[in-house]
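Shown below: run-v7.txt, with compact mmCIF, C-alpha atoms and all ligand atoms.
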# COMPACT_ATOMS: atom_id res chain seq x y z
CA MET A 1 10.54 5.92 37.92
CA SER A 2 7.71 3.46 38.03
CA GLN A 3 9.98 0.49 38.85
CA GLN A 4 7.23 -2.06 39.38
CA LEU A 5 5.81 -1.46 35.90
CA ALA A 6 9.12 -1.33 33.98
CA GLY A 7 9.08 -3.90 31.17
CA ILE A 8 5.33 -4.40 31.32
CA VAL A 9 4.61 -2.69 27.97
CA LYS A 10 5.75 -4.84 25.05
CA GLY A 11 5.79 -2.23 22.30
CA LEU A 12 2.95 -1.47 19.93
CA HIS A 13 -0.18 -3.63 19.68
CA HIS A 14 -2.10 -1.92 16.88
CA ILE A 15 -2.62 1.54 15.43
CA THR A 16 -6.12 2.69 14.52
CA LEU A 17 -6.91 5.33 11.90
CA VAL A 18 -9.86 6.76 10.01
CA THR A 19 -10.71 5.92 6.39
CA SER A 20 -13.35 7.32 4.07
CA ASN A 21 -14.02 4.15 2.07
CA GLN A 22 -13.56 0.54 3.16
CA GLU A 23 -13.20 -0.90 -0.35
CA VAL A 24 -10.48 1.56 -1.42
CA ASN A 25 -8.87 0.98 1.96
CA ARG A 26 -9.01 -2.82 1.55
CA ARG A 27 -7.53 -2.73 -1.93
CA PHE A 28 -4.72 -0.42 -0.86
CA TYR A 29 -3.65 -2.31 2.28
CA THR A 30 -3.96 -5.76 0.74
CA GLU A 31 -3.06 -5.27 -2.93
CA VAL A 32 -0.61 -2.35 -2.69
CA LEU A 33 0.95 -2.92 0.76
CA GLY A 34 0.58 -6.72 0.82
CA LEU A 35 -1.05 -7.01 4.24
CA ARG A 36 -3.88 -9.40 5.00
CA ARG A 37 -7.32 -8.39 6.24
CA VAL A 38 -7.56 -10.31 9.50
CA LYS A 39 -10.84 -8.96 10.83
CA TYR A 40 -13.82 -7.38 9.12
CA THR A 41 -16.14 -6.05 11.78
CA VAL A 42 -17.82 -2.93 13.15
CA ASN A 43 -16.72 -0.23 15.54
CA GLN A 44 -17.93 -1.49 18.92
CA ASP A 45 -18.52 2.08 20.13
CA ASP A 46 -20.39 3.03 16.94
CA VAL A 47 -21.76 -0.24 15.57
CA LEU A 48 -23.25 1.14 12.35
CA HIS A 49 -19.73 1.90 11.03
CA ARG A 50 -17.05 -0.58 10.02
CA HIS A 51 -13.80 -1.49 11.76
CA LEU A 52 -11.19 -3.08 9.47
CA PHE A 53 -8.02 -4.84 10.61
CA TYR A 54 -4.99 -5.55 8.39
CA ALA A 55 -1.91 -7.39 9.63
CA ASP A 56 0.60 -10.04 8.67
CA GLU A 57 -0.64 -13.55 7.75
CA LYS A 58 -1.19 -14.57 11.38
CA GLY A 59 -2.38 -11.27 12.80
CA THR A 60 0.74 -11.02 14.96
CA THR A 61 0.60 -8.47 17.78
CA GLY A 62 2.30 -5.30 16.64
CA SER A 63 1.53 -5.75 12.94
CA ALA A 64 -2.14 -4.66 12.83
CA ILE A 65 -3.20 -1.38 11.29
CA THR A 66 -6.92 -0.89 11.80
CA PHE A 67 -9.43 1.61 10.43
CA PHE A 68 -12.77 3.03 11.39
CA GLU A 69 -14.76 3.79 8.25
CA TRP A 70 -16.34 7.21 8.76
CA PRO A 71 -17.16 8.63 5.31
CA ASP A 72 -18.90 11.68 6.74
CA LEU A 73 -16.13 12.81 9.04
CA PRO A 74 -14.14 15.85 7.81
CA LYS A 75 -10.49 15.42 6.85
CA GLY A 76 -8.22 15.51 9.87
CA LEU A 77 -5.33 17.76 10.76
CA ILE A 78 -2.01 16.65 12.24
CA GLY A 79 -1.02 18.31 15.52
CA LEU A 80 -1.34 17.86 19.27
CA GLY A 81 -3.76 14.97 19.83
CA SER A 82 -3.65 13.86 16.17
CA PRO A 83 -0.47 11.86 15.42
CA HIS A 84 1.81 12.48 12.47
CA HIS A 85 2.77 9.11 10.99
CA LEU A 86 3.44 5.43 11.56
CA ALA A 87 6.36 3.33 10.41
CA TYR A 88 6.61 -0.31 9.36
CA SER A 89 9.84 -2.29 9.51
CA VAL A 90 11.15 -4.40 6.66
CA SER A 91 13.55 -7.25 7.39
CA ASN A 92 16.28 -6.25 4.93
CA ILE A 93 17.49 -2.98 3.52
CA ASP A 94 17.24 -4.06 -0.13
CA ALA A 95 13.47 -4.18 0.33
CA ILE A 96 13.36 -0.38 0.43
CA PRO A 97 14.34 0.36 -3.21
CA LYS A 98 12.03 -2.50 -4.20
CA TRP A 99 9.16 -0.86 -2.33
CA LYS A 100 9.92 2.41 -4.05
CA ALA A 101 9.80 0.80 -7.50
CA TRP A 102 6.63 -1.13 -6.63
CA LEU A 103 4.79 1.87 -5.17
CA ILE A 104 5.68 4.07 -8.15
CA SER A 105 4.39 1.35 -10.48
CA GLN A 106 1.09 1.50 -8.53
CA GLY A 107 0.84 5.29 -8.90
CA VAL A 108 1.59 5.99 -5.21
CA SER A 109 3.46 9.20 -4.34
CA VAL A 110 6.73 8.43 -2.52
CA ASN A 111 9.56 10.43 -0.99
CA GLY A 112 13.03 9.07 -0.26
CA PRO A 113 14.63 6.83 0.63
CA PHE A 114 16.58 8.90 3.12
CA ALA A 115 19.64 7.69 5.04
CA ARG A 116 19.46 9.65 8.26
CA ASP A 117 18.98 9.24 11.96
CA GLY A 118 20.42 5.70 11.99
CA ARG A 119 17.88 4.34 9.54
CA VAL A 120 16.91 4.22 5.88
CA SER A 121 13.33 5.32 5.32
CA LEU A 122 10.90 5.67 2.46
CA TYR A 123 7.67 7.68 2.84
CA LEU A 124 4.30 7.33 1.15
CA ARG A 125 0.69 8.31 1.71
CA ASP A 126 -2.35 6.08 1.53
CA PRO A 127 -5.47 7.11 -0.47
CA ASP A 128 -6.85 9.03 2.55
CA GLY A 129 -3.56 10.85 3.12
CA VAL A 130 -2.14 8.77 6.00
CA ASN A 131 1.64 9.26 6.26
CA ILE A 132 3.44 5.91 6.24
CA GLU A 133 7.16 5.21 6.58
CA ILE A 134 8.89 1.99 5.56
CA THR A 135 12.15 1.71 7.44
CA HIS A 136 15.21 -0.40 8.21
CA PRO A 137 18.04 0.27 10.67
CA ASN A 138 21.25 1.75 9.29
CA THR A 139 22.94 2.02 12.65
CA ASP A 140 26.53 2.40 11.51
CA GLY A 141 25.59 4.46 8.47
CA GLU A 142 26.80 1.77 6.06
CA ILE A 143 24.19 2.93 3.55
CA SER A 144 24.93 6.50 2.42
CA GLN A 145 22.63 8.96 0.70
CA ASP A 146 24.96 8.82 -2.34
CA TYR A 147 24.54 5.05 -2.49
CA LEU A 148 20.75 5.46 -2.43
CA LYS A 149 20.95 8.09 -5.20
CA GLY A 150 22.98 5.62 -7.26
CA GLN A 151 20.28 2.99 -6.73
CA ASP A 152 17.64 5.48 -7.86
CA LYS A 153 19.34 5.70 -11.25
CA ASN A 154 19.04 1.98 -11.68
CA PRO A 155 15.80 0.94 -9.97
CA PRO A 156 14.93 -2.74 -9.58
CA THR A 157 12.06 -4.21 -11.59
CA VAL A 158 9.30 -5.30 -9.22
CA ASN A 159 6.15 -6.94 -10.54
CA GLU A 160 4.77 -8.15 -7.22
CA ILE A 161 5.37 -7.89 -3.48
CA THR A 162 7.97 -10.55 -2.85
CA HIS A 163 8.50 -12.34 0.47
CA ASP A 164 11.58 -10.25 1.32
CA MET A 165 9.53 -7.05 0.95
CA ARG A 166 6.90 -7.94 3.54
CA LEU A 167 6.00 -5.29 6.08
CA VAL A 168 6.97 -7.09 9.24
CA LYS A 169 5.74 -5.09 12.23
CA PHE A 170 5.38 -1.53 13.29
CA ASN A 171 8.69 0.15 13.96
CA HIS A 172 7.26 3.26 15.57
CA ALA A 173 4.39 5.69 15.76
CA THR A 174 4.91 9.44 15.82
CA PRO A 175 2.50 11.63 17.75
CA VAL A 176 3.08 15.35 18.27
CA SER A 177 3.94 16.87 21.64
CA TYR A 178 4.31 20.32 23.10
CA ASP A 179 6.87 19.44 25.75
CA SER A 180 9.46 16.65 25.65
CA HIS A 181 10.13 16.72 29.41
CA GLN A 182 6.45 16.37 30.22
CA THR A 183 6.10 13.49 27.72
CA ALA A 184 9.11 11.63 29.15
CA LEU A 185 7.87 12.09 32.72
CA PHE A 186 4.37 10.88 31.84
CA PHE A 187 5.56 7.58 30.32
CA ASP A 188 8.11 7.04 33.08
CA LYS A 189 5.69 7.60 35.96
CA LEU A 190 2.76 5.77 34.38
CA LEU A 191 4.31 2.85 32.51
CA GLY A 192 7.98 2.70 33.45
CA LEU A 193 8.91 3.44 29.84
CA LYS A 194 12.23 5.12 29.14
CA ASN A 195 13.24 8.23 27.25
CA PRO A 196 16.59 7.12 25.75
CA PHE A 197 17.02 10.35 23.78
CA THR A 198 15.58 13.66 22.79
CA LYS A 199 17.44 15.13 19.84
CA GLN A 200 17.10 17.60 17.02
CA ASN A 201 14.73 16.47 14.27
CA PRO A 202 16.90 16.11 11.14
CA ASP A 203 13.91 17.01 8.96
CA GLN A 204 13.00 20.14 10.89
CA PRO A 205 15.80 21.43 13.14
CA GLU A 206 13.53 23.76 15.10
CA THR A 207 11.66 20.69 16.39
CA ALA A 208 12.91 17.69 18.39
CA ILE A 209 12.39 13.93 18.32
CA THR A 210 11.64 12.47 21.75
CA ALA A 211 11.94 8.69 21.91
CA ILE A 212 9.87 6.59 24.32
CA GLY A 213 10.34 2.85 24.62
CA ASN A 214 11.55 -0.21 26.49
CA ASP A 215 14.81 -2.17 26.43
CA ASP A 216 13.88 -4.14 23.30
CA GLN A 217 12.40 -1.25 21.35
CA PRO A 218 13.81 1.98 22.74
CA ASP A 219 11.92 4.24 20.36
CA PHE A 220 8.62 2.61 19.45
CA LEU A 221 7.15 6.04 20.06
CA ARG A 222 9.03 8.91 18.42
CA TYR A 223 7.27 12.15 19.26
CA ILE A 224 7.85 15.25 17.16
CA VAL A 225 8.12 18.00 19.74
CA SER A 226 7.66 21.73 19.38
CA ASP A 227 6.44 24.34 21.82
CA GLN A 228 4.89 25.97 18.73
CA ALA A 229 2.84 22.89 17.79
CA SER A 230 -0.84 23.60 17.38
CA ARG A 231 -3.82 21.38 18.17
CA GLY A 232 -4.70 18.71 15.61
CA ILE A 233 -8.07 17.33 14.63
CA VAL A 234 -8.69 13.60 14.27
CA GLY A 235 -10.50 12.97 11.00
CA LYS A 236 -10.23 11.06 7.72
CA GLY A 237 -6.61 10.19 6.94
CA ASN A 238 -5.44 10.52 10.54
CA VAL A 239 -4.45 8.30 13.42
CA HIS A 240 -7.31 7.85 15.89
CA HIS A 241 -5.34 6.06 18.61
CA ILE A 242 -2.17 4.12 19.30
CA ALA A 243 -2.36 0.85 21.22
CA MET A 244 0.50 -0.64 23.23
CA ALA A 245 0.66 -4.34 24.15
CA VAL A 246 0.72 -6.15 27.47
CA GLU A 247 0.92 -9.92 27.95
CA SER A 248 -1.99 -10.48 30.31
CA ASP A 249 -5.12 -9.15 31.98
CA GLU A 250 -3.22 -8.95 35.28
CA GLU A 251 -0.64 -6.62 33.76
CA GLN A 252 -3.37 -4.50 32.24
CA GLN A 253 -5.05 -4.24 35.64
CA LYS A 254 -1.78 -3.04 37.17
CA ILE A 255 -1.77 -0.20 34.65
CA GLU A 256 -5.42 0.56 35.36
CA ARG A 257 -4.60 0.84 39.08
CA ARG A 258 -1.65 3.06 38.28
CA LEU A 259 -3.80 5.36 36.13
CA ASN A 260 -6.30 5.63 38.96
CA ASP A 261 -3.57 6.23 41.56
CA LEU A 262 -2.18 9.04 39.43
CA GLY A 263 -5.66 10.48 38.88
CA ILE A 264 -5.49 10.03 35.10
CA HIS A 265 -8.92 9.77 33.53
CA ASN A 266 -9.33 6.41 31.76
CA SER A 267 -11.98 4.16 30.25
CA GLY A 268 -11.55 1.22 32.59
CA VAL A 269 -10.95 -2.19 30.96
CA ILE A 270 -13.29 -2.88 28.03
CA ASP A 271 -13.81 -6.34 26.52
CA ARG A 272 -13.21 -6.08 22.75
CA PHE A 273 -13.64 -9.86 22.34
CA TRP A 274 -10.31 -10.33 20.49
CA PHE A 275 -8.43 -8.42 23.18
CA HIS A 276 -9.12 -6.25 26.22
CA SER A 277 -8.63 -2.51 26.00
CA LEU A 278 -7.90 0.35 28.37
CA TYR A 279 -7.91 3.91 27.04
CA PHE A 280 -6.45 7.20 28.29
CA ARG A 281 -4.76 10.29 26.86
CA ASP A 282 -1.20 11.57 27.09
CA PRO A 283 -0.63 15.16 28.26
CA ASP A 284 -0.96 16.43 24.66
CA GLY A 285 -4.34 14.77 24.17
CA ASN A 286 -3.17 11.83 22.04
CA LEU A 287 -5.48 8.87 22.62
CA LEU A 288 -3.56 5.80 23.81
CA GLU A 289 -4.67 2.25 24.54
CA ILE A 290 -3.25 -0.67 26.48
CA ALA A 291 -4.39 -3.90 24.80
CA THR A 292 -3.85 -7.51 25.85
CA LYS A 293 -2.20 -9.92 23.41
CA GLY A 294 -5.04 -12.43 23.80
CA PRO A 295 -7.49 -13.96 23.18
CA GLY A 296 -6.52 -13.07 19.57
CA TYR A 297 -8.13 -12.83 16.15
CA THR A 298 -8.57 -16.60 15.79
CA ARG A 299 -11.02 -16.71 18.69
CA ASP A 300 -14.00 -16.80 16.32
CA GLU A 301 -12.48 -17.51 12.88
CA SER A 302 -9.98 -20.10 11.70
CA LEU A 303 -6.61 -18.78 10.58
CA GLU A 304 -7.51 -19.54 6.94
CA LYS A 305 -10.79 -17.63 7.11
CA LEU A 306 -9.62 -14.54 9.03
CA GLY A 307 -11.19 -11.37 7.69
CA THR A 308 -13.21 -12.96 4.90
CA SER A 309 -16.69 -12.09 6.17
CA LEU A 310 -18.41 -9.61 8.46
CA ILE A 311 -17.86 -10.88 11.97
CA LEU A 312 -19.46 -9.47 15.11
CA PRO A 313 -18.73 -10.07 18.76
CA PRO A 314 -21.51 -12.26 20.20
CA TRP A 315 -23.26 -9.40 21.99
CA GLU A 316 -23.73 -7.57 18.68
CA GLU A 317 -25.16 -10.55 16.75
CA PRO A 318 -28.78 -9.58 17.58
CA GLN A 319 -28.18 -6.37 15.61
CA ARG A 320 -26.66 -8.09 12.55
CA SER A 321 -29.51 -7.47 10.09
CA GLU A 322 -29.76 -3.80 11.04
CA ILE A 323 -25.96 -3.40 10.80
CA GLU A 324 -25.85 -5.08 7.37
CA ARG A 325 -28.72 -2.92 6.12
CA VAL A 326 -27.02 0.33 7.20
CA LEU A 327 -23.61 -0.69 5.81
CA LYS A 328 -25.24 -1.42 2.44
CA GLU A 329 -26.86 1.99 2.50
CA THR A 330 -23.50 3.62 3.40
CA ASP A 331 -21.84 1.90 0.43
CA SER A 332 -24.56 3.04 -1.98
CA LYS A 333 -23.70 6.66 -1.13
CA ASN A 334 -19.93 6.15 -1.09
CA PRO A 335 -18.64 5.25 -4.58
CA VAL A 336 -15.33 3.44 -5.04
CA THR A 337 -12.66 5.12 -7.15
CA TRP A 338 -9.84 2.75 -8.05
CA PRO A 339 -7.07 3.48 -8.59
CA PRO A 340 -7.45 6.42 -6.23
CA LYS A 341 -5.88 9.81 -6.69
CA TYR A 342 -2.98 9.51 -4.27
CA PRO A 343 -2.08 12.57 -2.18
CA ARG A 344 1.50 13.78 -2.57
CA VAL A 345 4.00 13.13 0.22
CA VAL A 346 4.89 16.19 2.27
CA SER A 347 8.49 17.33 2.21
CA PRO A 348 10.45 17.08 4.39
CA PRO A 349 8.48 14.01 5.44
CA GLU A 350 8.84 14.25 9.23
CA SER A 351 7.90 17.89 9.64
CA ILE A 352 4.92 19.60 11.19
CA VAL A 353 3.37 22.97 10.52
CA VAL A 354 5.03 25.36 12.94
CA PRO A 355 4.34 29.08 12.71
CA LYS A 356 7.43 31.04 11.73
CA LYS A 357 9.12 32.36 14.86
CA GLN A 358 8.15 35.98 15.33
CA ILE A 359 11.11 38.35 15.34
CA THR A 360 10.70 40.22 18.55
CA GLU A 361 12.03 43.72 19.13
CA GLU A 362 14.78 42.39 21.37
CA ALA A 363 15.90 39.90 18.69
CA ALA A 364 15.86 42.47 15.89
CA PRO A 365 19.25 43.95 14.96
CA ALA A 366 19.86 47.39 16.42
FE FE A 401 9.38 8.13 11.53
FE FE A 402 -7.65 0.07 19.55
Represent the structure of the file as structure tokens.
Ligand SMILES: [Fe+2]
Ligand SMILES: [Fe+2]
Amino acid sequence: MSQQLAGIVKGLHHITLVTSNQEVNRRFYTEVLGLRRVKYTVNQDDVLHRHLFYADEKGTTGSAITFFEWPDLPKGLIGLGSPHHLAYSVSNIDAIPKWKAWLISQGVSVNGPFARDGRVSLYLRDPDGVNIEITHPNTDGEISQDYLKGQDKNPPTVNEITHDMRLVKFNHATPVSYDSHQTALFFDKLLGLKNPFTKQNPDQPETAITAIGNDDQPDFLRYIVSDQASRGIVGKGNVHHIAMAVESDEEQQKIERRLNDLGIHNSGVIDRFWFHSLYFRDPDGNLLEIATKGPGYTRDESLEKLGTSLILPPWEEPQRSEIERVLKETDSKNPVTWPPKYPRVVSPPESIVVPKKQITEEAAPA
């Protein structure tokens, strides 16, 4: 185990996805999910396309879901290299039936809640088809499925997102892997992260859930694992990358050295102005990032003004008029449909497409 790096990764920093339309995306994440846009900027690797950040009121590390707007990209496909879903925590279990009532009132397709696997979870999809889970621990199983069914018969009336419903922070992200042992070894050797369990996936018994995490959050990554998993494609409605947090530049540099020592191809540290980033891939091709907690989203905007206008890192300011011109042109070809037609939630929610096991001659009855 990578002893010297154990404890260095502080859970998730942000998760970045792909959206087809920034205005539909903004309305969904702010009006329907109650997050705040904390940065409205462009993709620093592709400056003529937007990068949108939504988080809690303060932009707390671990609460930010971010999107690249790429209207011309094809729809993505979940699989190896293209993660399955992300989950937000809520601070009390009664928020889950409230979320269900609220989302249904907004026309969003939902599935659940389910009491399983030590948690109660509700599933939904955003307008682009992103799979989102809202979850709360149910460690001792005090909430039963029968209790949840009873609640379904008498749903609460919810006219707005109340304080107790707020999406607090990410609980986990779920990429797809081919091999649980390889995944566990990778995170252990590289980052000193632990694999507290690999167990049968309750939603799809022929697949497994492999947890990766630290002492505080033992399963902030919950891989769905199957040796039958096929390659995914990152596109609209999919996760682009998953970023994990470190406290400081020094800690990030330790990880960079470790990547280089292990011969793992990486981007080197890149200055993203609001944080510093280091990118690499896991053995299944999922794009991962190590991001520093600072300097933070308030580096160039006051807390009150976060996300209210197009903001560029200083080195992109000379291109502002060209960027604004192209974004306007993009919008003119990309009409806004609101409310959107929401995609239906897949069932069971935490399952992947796995080809049916072939019955071989040896397995066939004599
Ligand atoms: Fe999940
Ligand atoms: Fe990122």
Discussion item. Report as a ChimeraX atom specification all protein, DNA and RNA residues lying within 12 Å of Trp102 in chain A, evaluated on only C-alpha atoms, omitting residues in the same chain fewer than 3 positions from it.
Written reply: /A:31-34,95-99,105-110,124,155-162,165
Counting all atoms listed in the file, which residues of chain A fall within 10 Å of ligand FE 401 (chain A), and what is the closest atom pair for each with its distance in Å at one decimal, ordered by chain and rising number, as JSON lines?
{"residue": "A:His84", "atom": "CA", "partner": "A:FE401", "partner_atom": "FE", "distance": 8.8}
{"residue": "A:His85", "atom": "CA", "partner": "A:FE401", "partner_atom": "FE", "distance": 6.7}
{"residue": "A:Leu86", "atom": "CA", "partner": "A:FE401", "partner_atom": "FE", "distance": 6.5}
{"residue": "A:Ala87", "atom": "CA", "partner": "A:FE401", "partner_atom": "FE", "distance": 5.8}
{"residue": "A:Tyr88", "atom": "CA", "partner": "A:FE401", "partner_atom": "FE", "distance": 9.1}
{"residue": "A:Asp117", "atom": "CA", "partner": "A:FE401", "partner_atom": "FE", "distance": 9.7}
{"residue": "A:Arg119", "atom": "CA", "partner": "A:FE401", "partner_atom": "FE", "distance": 9.5}
{"residue": "A:Ser121", "atom": "CA", "partner": "A:FE401", "partner_atom": "FE", "distance": 7.9}
{"residue": "A:Leu122", "atom": "CA", "partner": "A:FE401", "partner_atom": "FE", "distance": 9.5}
{"residue": "A:Tyr123", "atom": "CA", "partner": "A:FE401", "partner_atom": "FE", "distance": 8.9}
{"residue": "A:Asn131", "atom": "CA", "partner": "A:FE401", "partner_atom": "FE", "distance": 9.4}
{"residue": "A:Ile132", "atom": "CA", "partner": "A:FE401", "partner_atom": "FE", "distance": 8.3}
{"residue": "A:Glu133", "atom": "CA", "partner": "A:FE401", "partner_atom": "FE", "distance": 6.2}
{"residue": "A:Ile134", "atom": "CA", "partner": "A:FE401", "partner_atom": "FE", "distance": 8.6}
{"residue": "A:Thr135", "atom": "CA", "partner": "A:FE401", "partner_atom": "FE", "distance": 8.1}
{"residue": "A:Asn171", "atom": "CA", "partner": "A:FE401", "partner_atom": "FE", "distance": 8.4}
{"residue": "A:His172", "atom": "CA", "partner": "A:FE401", "partner_atom": "FE", "distance": 6.7}
{"residue": "A:Ala173", "atom": "CA", "partner": "A:FE401", "partner_atom": "FE", "distance": 7.0}
{"residue": "A:Thr174", "atom": "CA", "partner": "A:FE401", "partner_atom": "FE", "distance": 6.3}
{"residue": "A:Pro175", "atom": "CA", "partner": "A:FE401", "partner_atom": "FE", "distance": 9.9}
{"residue": "A:Ile209", "atom": "CA", "partner": "A:FE401", "partner_atom": "FE", "distance": 9.4}
{"residue": "A:Asp219", "atom": "CA", "partner": "A:FE401", "partner_atom": "FE", "distance": 10.0}
{"residue": "A:Phe220", "atom": "CA", "partner": "A:FE401", "partner_atom": "FE", "distance": 9.7}
{"residue": "A:Leu221", "atom": "CA", "partner": "A:FE401", "partner_atom": "FE", "distance": 9.1}
{"residue": "A:Arg222", "atom": "CA", "partner": "A:FE401", "partner_atom": "FE", "distance": 6.9}
{"residue": "A:Tyr223", "atom": "CA", "partner": "A:FE401", "partner_atom": "FE", "distance": 9.0}
{"residue": "A:Ile224", "atom": "CA", "partner": "A:FE401", "partner_atom": "FE", "distance": 9.2}
{"residue": "A:Pro349", "atom": "CA", "partner": "A:FE401", "partner_atom": "FE", "distance": 8.5}
{"residue": "A:Glu350", "atom": "CA", "partner": "A:FE401", "partner_atom": "FE", "distance": 6.6}
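Proximity to Leu12 in chain A was assessed for A:Val42, A:Ala101, A:Ile212, A:Val24 counting all atoms listed in the file; the smallest distance is recorded for A:Ile212.
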Ligand FE 402 (chain A): which residues are within 10 Å, counting only C-alpha atoms and all ligand atoms? Reply as a PDB file with C-alpha atoms, in the frame of the given file.
ATOM      1  CA  HIS A  13      -0.180  -3.630  19.680  1.00  0.00           C
ATOM      2  CA  HIS A  14      -2.100  -1.920  16.880  1.00  0.00           C
ATOM      3  CA  ILE A  15      -2.620   1.540  15.430  1.00  0.00           C
ATOM      4  CA  THR A  16      -6.120   2.690  14.520  1.00  0.00           C
ATOM      5  CA  LEU A  17      -6.910   5.330  11.900  1.00  0.00           C
ATOM      6  CA  ASN A  43     -16.720  -0.230  15.540  1.00  0.00           C
ATOM      7  CA  ALA A  64      -2.140  -4.660  12.830  1.00  0.00           C
ATOM      8  CA  ILE A  65      -3.200  -1.380  11.290  1.00  0.00           C
ATOM      9  CA  THR A  66      -6.920  -0.890  11.800  1.00  0.00           C
ATOM     10  CA  PHE A  67      -9.430   1.610  10.430  1.00  0.00           C
ATOM     11  CA  HIS A 240      -7.310   7.850  15.890  1.00  0.00           C
ATOM     12  CA  HIS A 241      -5.340   6.060  18.610  1.00  0.00           C
ATOM     13  CA  ILE A 242      -2.170   4.120  19.300  1.00  0.00           C
ATOM     14  CA  ALA A 243      -2.360   0.850  21.220  1.00  0.00           C
ATOM     15  CA  MET A 244       0.500  -0.640  23.230  1.00  0.00           C
ATOM     16  CA  ARG A 272     -13.210  -6.080  22.750  1.00  0.00           C
ATOM     17  CA  PHE A 275      -8.430  -8.420  23.180  1.00  0.00           C
ATOM     18  CA  HIS A 276      -9.120  -6.250  26.220  1.00  0.00           C
ATOM     19  CA  SER A 277      -8.630  -2.510  26.000  1.00  0.00           C
ATOM     20  CA  LEU A 278      -7.900   0.350  28.370  1.00  0.00           C
ATOM     21  CA  TYR A 279      -7.910   3.910  27.040  1.00  0.00           C
ATOM     22  CA  LEU A 287      -5.480   8.870  22.620  1.00  0.00           C
ATOM     23  CA  LEU A 288      -3.560   5.800  23.810  1.00  0.00           C
ATOM     24  CA  GLU A 289      -4.670   2.250  24.540  1.00  0.00           C
ATOM     25  CA  ILE A 290      -3.250  -0.670  26.480  1.00  0.00           C
ATOM     26  CA  ALA A 291      -4.390  -3.900  24.800  1.00  0.00           C
TER      27      ALA A 291
END
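Minimum distance to Thr61 in chain A across A:Leu167, A:Leu306, A:Leu48, A:Ala245 (counting only C-alpha atoms) occurs at A:Ala245.
Using all atoms listed in the file, the shortest contact distance between Tyr54 in chain A and any of A:Leu35, A:Ala229, A:Ile143, A:Val345 is found at A:Leu35.
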Worksheet item: With only C-alpha atoms as the atoms that count, which of A:Asp179, A:Asp146, A:Glu301, A:Glu322 lies nearest to Val47 in chain A?
Response: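 Looking at the shortest contact to Val47 in chain A, the residue is A:Glu322.
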Discussion item. Report as a ChimeraX atom specification all protein, DNA and RNA residues lying within 8 Å of Gly307 in chain A, evaluated on all atoms listed in the file, omitting residues in the same chain fewer than 4 positions from it.
Written reply: /A:37-40,53,311
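Nearest residue to Gln217 in chain A, choosing from A:Leu193, A:Ile323, A:Leu73, A:Ile104 and counting only C-alpha atoms: A:Leu193.
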Would you compute, for all listed atoms of range 347-352 of chain A, the axis-aligned bounding box grown by 3 Å on each side, and then report its centre and edge lengths in Å rounded to one decimal, as lines of an AutoDock Vina configuration file?
center_x = 7.7
center_y = 16.8
center_z = 6.7
size_x = 11.5
size_y = 11.6
size_z = 15.0
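Residues having any atom no farther than 6 Å from (17.5, 13.7, 13.6) (counting all atoms listed in the file) are A:Asp117, A:Gln200, A:Asn201, A:Pro202.
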Item to complete: Find, counting all atoms listed in the file, the residue in A:Pro218, A:Pro295, A:Pro83, A:Gly141 that gets nearest to Arg231 in chain A.
Response: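 With all atoms listed in the file as the atom set, the closest residue is A:Pro83.
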Worksheet entry | Selection: 9 Å around Gly294 in chain A, all atoms listed in the file, excl. self and same-chain fewer than 5 positions, as a list in words | Glu247, Ser248, Asp249, Trp274, Phe275, His276 and Arg299 of chain A
Worksheet item: CA of Pro348 in chain A and CA of Asp203 in chain A are how many Å apart?
Response: 5.7 Å
Missing atoms of range 143-152 of chain A rebuilt to N, CA and C atoms, written as a compact mmCIF listing (two decimals), in the coordinates of the input:
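Saved as result-v7.txt:
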# COMPACT_ATOMS: atom_id res chain seq x y z
N ILE A 143 24.88 2.50 4.77
CA ILE A 143 24.19 2.93 3.55
C ILE A 143 24.22 4.46 3.52
N SER A 144 24.84 5.03 2.49
CA SER A 144 24.93 6.50 2.42
C SER A 144 23.84 7.03 1.49
N GLN A 145 23.62 8.32 1.59
CA GLN A 145 22.63 8.96 0.70
C GLN A 145 23.10 8.85 -0.75
N ASP A 146 24.43 8.94 -0.97
CA ASP A 146 24.96 8.82 -2.34
C ASP A 146 24.69 7.42 -2.90
N TYR A 147 24.82 6.42 -2.06
CA TYR A 147 24.54 5.05 -2.49
C TYR A 147 23.07 4.93 -2.91
N LEU A 148 22.19 5.53 -2.11
CA LEU A 148 20.75 5.46 -2.43
C LEU A 148 20.45 6.21 -3.72
N LYS A 149 21.14 7.34 -3.94
CA LYS A 149 20.95 8.09 -5.20
C LYS A 149 21.38 7.23 -6.39
N GLY A 150 22.49 6.51 -6.21
CA GLY A 150 22.98 5.62 -7.26
C GLY A 150 21.94 4.55 -7.58
N GLN A 151 21.32 4.02 -6.54
CA GLN A 151 20.28 2.99 -6.73
C GLN A 151 19.08 3.56 -7.49
N ASP A 152 18.78 4.82 -7.20
CA ASP A 152 17.64 5.48 -7.86
C ASP A 152 17.81 5.52 -9.37
